[in-house]
Structure formats: structure tokens, C-alpha cells
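For reference, the structure discussed in these notes is given below.
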Amino acid sequence: LKTNKDQYTPQAIELFHEEPPPPNPDLPKFMQRQAPKIRAKQITCGDSASFAVVGEPYFCLYMWGITKKSGEAFMYPKQSIQVSGWRIRSVACGKTSTICSSKRTLITWGPSPTYGELGYGSGEGVKKSSTVSKAVDDLEGAMVEQVAAGLCHSLAIVRLDDPKGPKIVDALPVFEPDEVQDLLKASNSSESRPRKKKKTT
């Protein structure tokens with residue numbers, strides 16, 4: 001919103017509703033080039049920022065708000081330079097982290113503290129956070145259909161009908177927390193027990 005940063009009733013964001021200006025009758029037709037409408041195909045909100053994926057022919061990302069507390073807040077939608085050059089398909093954000101999917105690249109960024117949701121891996125010398133966008137190496141080349149994020153985690157749906165998808169997914173470690181394994185064991189043991197027949201009178 002350009003006039004008031006605090007808004008307590010629904011209001012349309014002008015950028016995504018504006019119509020192109022009418023043709024100028026004083027110009028010849030070959031000079032009357034109208035830019036396509038800017039329309040958001042997906043919108044997501046984080047702790048203090050909102051994002052919109054703009055579809056064809058732009059395939060870009062707009063954001064407003066703030067993700068880095070020491071940075072400058074955008075009071076109205078601006079095109080994100082973090083993903084400039086990538087054709088954005090899907091976006092999600094957690095508290096301060098952002099995850100985007102391009103055709104065959106997963107892009108994430110977020111200031112500290114982060115808890116692994118950026119997907120950069122673990123170990124000595126591996127950065128857990130980044131204030132600039134970075135590609136997730138483990139999913140490079142995979143066709144990511146959609147992304148989602150929570151407070152301290154992120155998810156990516158990878159297409160397995162794509163030739164590269166199964167190979168990339170098979171190379172990843174499997175998340176098997178002890179709590180889930182205990183639940184599976186308890187479920188399997190209860191199913192294997194013979195059920196007692198009810199007495200009939």
C-alpha cells in the first residue's frame with residue numbers, strides 16, 4: 001500500500017489489478033506496444049513479509065515487507081532481485097527464510113538464525129544461513145513442482161516422472177526420526193495381533 005502502512009480492512013494491491021493504459025491515438029500502431037498485465041498466480045506470507053509469483057510472461061517474484069531485520073522494509077510490492085534471472089514457479093517462506101523453485105533449481109535464502117530449512121547441508125565450513133539467494137546443490141537439476149515452508153522447516157515436491165528426478169531423490173538421505181519409527185513399530189505390532197472374536201448370544 002502506498003499511502004498507509006497499517007491496514008485493518010481488506011484492500012486491493014493496485015499493482016496486480018492495474019489495467020494497461022489505453023492506446024495513444026496520436027502514435028502509429030507499430031509504436032503502440034502495451035506491456036502484458038502483471039497478475040499474481042501465487043501469494044504467500046511469512047512472519048513480516050509477503051511474496052507473489054507473477055506468471056507468464058514474466059515468471060518473476062515480487063515481495064513487500066522485510067525479511068532481514070537490519071534491512072530496509074518495502075512498503076509496496078517490488079520485484080525481488082534475489083531471484084533475478086530465474087523463472088520462478090513457486091515460493092514459500094517461514095519466519096525469515098524464503099524458498100523458491102525455478103524450473104530445475106531450488107533457491108533459498110534467510111538471515112541467521114536458521115535451522116537447516118535452507119537446505120545447504122551440515123558439517124564443518126557449511127553455512128547454515130545466507131542473506132543472498134543460493135541454489136540448493138542436492139536438488140540441482142530436479143524439477144521441483146511446488147515448495148512449502150513452516151517456522152523452521154521447508155518442503156519441496158520433486159517430479160519423479162522426470163528422467164532426472166528419481167536419481168536425485170534416491171541419492172538423498174531418508175528422514176527417519178526415532179519418534180516415527182516407534183509409532184510404526186507400535187502400529188505394525190497391533191495389526192499383527194489376532195483380533196478377539198466377539199461373543200454372540
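Naming scheme: A, B, ... for chains in displayed order of the C-alpha cells; residues 1 onward per chain; ligands 1 onward as shown.
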What are the nearest atom pairs, with distances in Å to one decimal, for all residues of range 161-183 of chain A that come at most 12 Å from range 100-118 of chain A, using only C-alpha atoms, set out by chain and rising residue number as a Markdown table?
| residue | atom | partner | partner_atom | distance |
| --- | --- | --- | --- | --- |
| A:Asp162 | CA | A:Arg104 | CA | 10.8 |
| A:Lys164 | CA | A:Arg104 | CA | 9.9 |
| A:Gly165 | CA | A:Arg104 | CA | 10.0 |
| A:Ile168 | CA | A:Arg104 | CA | 11.6 |
Restricting the output to N, CA and C atoms, write the selected residues as a tab-separated table (two decimals), in the first residue's frame.
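Result saved to part-v9.tsv:
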chain	number	residue	atom	x	y	z
A	162	ASP	N	9.97	-37.22	-14.20
A	162	ASP	CA	11.04	-36.57	-14.95
A	162	ASP	C	12.28	-37.48	-14.94
A	164	LYS	N	15.43	-37.07	-14.57
A	164	LYS	CA	16.45	-36.80	-13.56
A	164	LYS	C	15.92	-36.95	-12.13
A	165	GLY	N	14.61	-36.88	-11.94
A	165	GLY	CA	14.03	-36.86	-10.62
A	165	GLY	C	14.38	-38.05	-9.74
A	168	ILE	N	18.09	-38.21	-8.48
A	168	ILE	CA	18.42	-37.18	-7.49
A	168	ILE	C	17.80	-37.50	-6.14
Spatial neighbours of Gln42 in chain A, max dist 10 Å, only C-alpha atoms, sep filter under 4 positions, as a PyMOL selection string: chain A and resi 51-55+61+89-92
Spatial neighbours of Glu18 in chain A, max dist 10 Å, only C-alpha atoms, sep filter under 6 positions, as a VMD selection string: chain A and resid 37 to 39
Excluding Ala148 in chain A and residues on its chain fewer than 5 positions from it, collect all residues at most 10 Å away from it, counting only C-alpha atoms, and give them as a list in words.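 The neighbour list is Thr44, Ser90, Val91, Ala92, Cys93, Gly94, Thr98, Ile99, Cys100, His153, Ser154, Leu155, Ala156 and Ile157 of chain A.
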Can you list every residue of range 3-102 of chain A that has an atom at most 8 Å from range 130-142 of chain A, with its nearest atom pair and the distance in Å to one decimal, using only C-alpha atoms, ordered by chain then number, as JSON lines?
{"residue": "A:Lys68", "atom": "CA", "partner": "A:Thr131", "partner_atom": "CA", "distance": 7.6}
{"residue": "A:Gln82", "atom": "CA", "partner": "A:Ser133", "partner_atom": "CA", "distance": 5.5}
{"residue": "A:Val83", "atom": "CA", "partner": "A:Ser133", "partner_atom": "CA", "distance": 6.9}
Just asking: which residues within range 45-199 of chain A are strand (DSSP E or B) according to DSSP, as JSON, numbers by chain? {"A": [45, 49, 50, 51, 52, 53, 54, 60, 61, 62, 63, 64, 65, 74, 75, 76, 77, 78, 79, 90, 91, 92, 93, 98, 99, 100, 101, 106, 107, 108, 109, 110, 130, 131, 132, 133, 134, 135, 144, 145, 146, 147, 148, 149, 154, 155, 156, 157, 158]}
Quick one: everything within 9 Å of Ser50 in chain A, counting only C-alpha atoms, minus sequence neighbours fewer than 3 positions away in the same chain. Send it as a ChimeraX atom specification. /A:43-47,62-66,77,93
I need the chosen residues saved as a PDB file, in the first residue's frame, with N, CA and C atoms.
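New file result-v3.pdb:
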ATOM      1  N   ILE A  43       0.444 -16.376  -3.916  1.00  0.00           N
ATOM      2  CA  ILE A  43       0.812 -15.422  -2.871  1.00  0.00           C
ATOM      3  C   ILE A  43       1.071 -16.184  -1.585  1.00  0.00           C
ATOM      4  N   THR A  44       2.140 -15.825  -0.890  1.00  0.00           N
ATOM      5  CA  THR A  44       2.439 -16.456   0.395  1.00  0.00           C
ATOM      6  C   THR A  44       2.933 -15.391   1.369  1.00  0.00           C
ATOM      7  N   CYS A  45       2.746 -15.658   2.647  1.00  0.00           N
ATOM      8  CA  CYS A  45       3.114 -14.690   3.687  1.00  0.00           C
ATOM      9  C   CYS A  45       4.013 -15.333   4.718  1.00  0.00           C
ATOM     10  N   GLY A  46       4.992 -14.587   5.184  1.00  0.00           N
ATOM     11  CA  GLY A  46       5.861 -15.030   6.251  1.00  0.00           C
ATOM     12  C   GLY A  46       5.604 -14.248   7.520  1.00  0.00           C
ATOM     13  N   ASP A  47       6.615 -14.189   8.368  1.00  0.00           N
ATOM     14  CA  ASP A  47       6.469 -13.506   9.646  1.00  0.00           C
ATOM     15  C   ASP A  47       6.288 -11.997   9.465  1.00  0.00           C
ATOM     16  N   TYR A  62       7.694 -10.953  -6.705  1.00  0.00           N
ATOM     17  CA  TYR A  62       7.543  -9.657  -6.044  1.00  0.00           C
ATOM     18  C   TYR A  62       7.490  -9.881  -4.536  1.00  0.00           C
ATOM     19  N   MET A  63       8.008  -8.935  -3.790  1.00  0.00           N
ATOM     20  CA  MET A  63       7.935  -9.016  -2.333  1.00  0.00           C
ATOM     21  C   MET A  63       7.655  -7.645  -1.747  1.00  0.00           C
ATOM     22  N   TRP A  64       7.062  -7.650  -0.555  1.00  0.00           N
ATOM     23  CA  TRP A  64       6.901  -6.424   0.229  1.00  0.00           C
ATOM     24  C   TRP A  64       6.943  -6.820   1.699  1.00  0.00           C
ATOM     25  N   GLY A  65       7.428  -5.900   2.506  1.00  0.00           N
ATOM     26  CA  GLY A  65       7.687  -6.201   3.904  1.00  0.00           C
ATOM     27  C   GLY A  65       9.187  -6.268   4.150  1.00  0.00           C
ATOM     28  N   ILE A  66       9.600  -7.124   5.084  1.00  0.00           N
ATOM     29  CA  ILE A  66      11.015  -7.226   5.429  1.00  0.00           C
ATOM     30  C   ILE A  66      11.325  -8.645   5.889  1.00  0.00           C
ATOM     31  N   PRO A  77       4.787  -3.607  -3.234  1.00  0.00           N
ATOM     32  CA  PRO A  77       5.462  -4.687  -3.970  1.00  0.00           C
ATOM     33  C   PRO A  77       6.581  -4.201  -4.871  1.00  0.00           C
ATOM     34  N   CYS A  93       7.624 -19.201   2.441  1.00  0.00           N
ATOM     35  CA  CYS A  93       8.507 -18.553   3.398  1.00  0.00           C
ATOM     36  C   CYS A  93       8.128 -18.951   4.816  1.00  0.00           C
TER      37      CYS A  93
END
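Between CA of Phe175 in chain A and CA of Thr67 in chain A lies a distance of 28.2 Å.
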Which of range 14-198 of chain A DSSP labels alpha helix (DSSP H), written as a VMD selection string: chain A and resid 165 to 170 178 to 192
Save the residues we just selected, C-alpha atoms, as a short mmCIF file (atom, residue, chain, number, x, y, z; two decimals), in the first residue's frame?
data_model
loop_
_atom_site.label_atom_id
_atom_site.label_comp_id
_atom_site.auth_asym_id
_atom_site.auth_seq_id
_atom_site.Cartn_x
_atom_site.Cartn_y
_atom_site.Cartn_z
CA GLY A 165 14.03 -36.86 -10.62
CA PRO A 166 14.37 -40.46 -9.30
CA LYS A 167 18.17 -40.43 -9.45
CA ILE A 168 18.42 -37.18 -7.49
CA VAL A 169 15.86 -38.26 -4.88
CA ASP A 170 17.47 -41.70 -4.39
CA ASP A 178 13.01 -42.20 16.27
CA GLU A 179 9.53 -40.98 17.18
CA VAL A 180 8.16 -42.01 13.79
CA GLN A 181 9.91 -45.39 13.91
CA ASP A 182 8.39 -46.10 17.34
CA LEU A 183 4.93 -45.26 16.02
CA LEU A 184 5.40 -47.54 13.00
CA LYS A 185 6.54 -50.42 15.19
CA ALA A 186 3.58 -49.97 17.52
CA SER A 187 1.20 -49.81 14.56
CA ASN A 188 2.65 -52.94 12.94
CA SER A 189 2.53 -54.94 16.19
CA SER A 190 -1.11 -54.03 16.80
CA GLU A 191 -2.06 -55.09 13.27
CA SER A 192 -0.29 -58.44 13.63
#
Which residue is closest to Ala12 in chain A? Choose from A:Val144, A:Ser97, A:Tyr76, A:Lys29 and count only C-alpha atoms.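 Ranking A:Val144, A:Ser97, A:Tyr76, A:Lys29 by distance to Ala12 in chain A, first place goes to A:Tyr76.
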Please compute the CA of Val126 in chain A-CA of Val158 in chain A distance, one decimal, in Å.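 These two atoms are separated by 24.1 Å.
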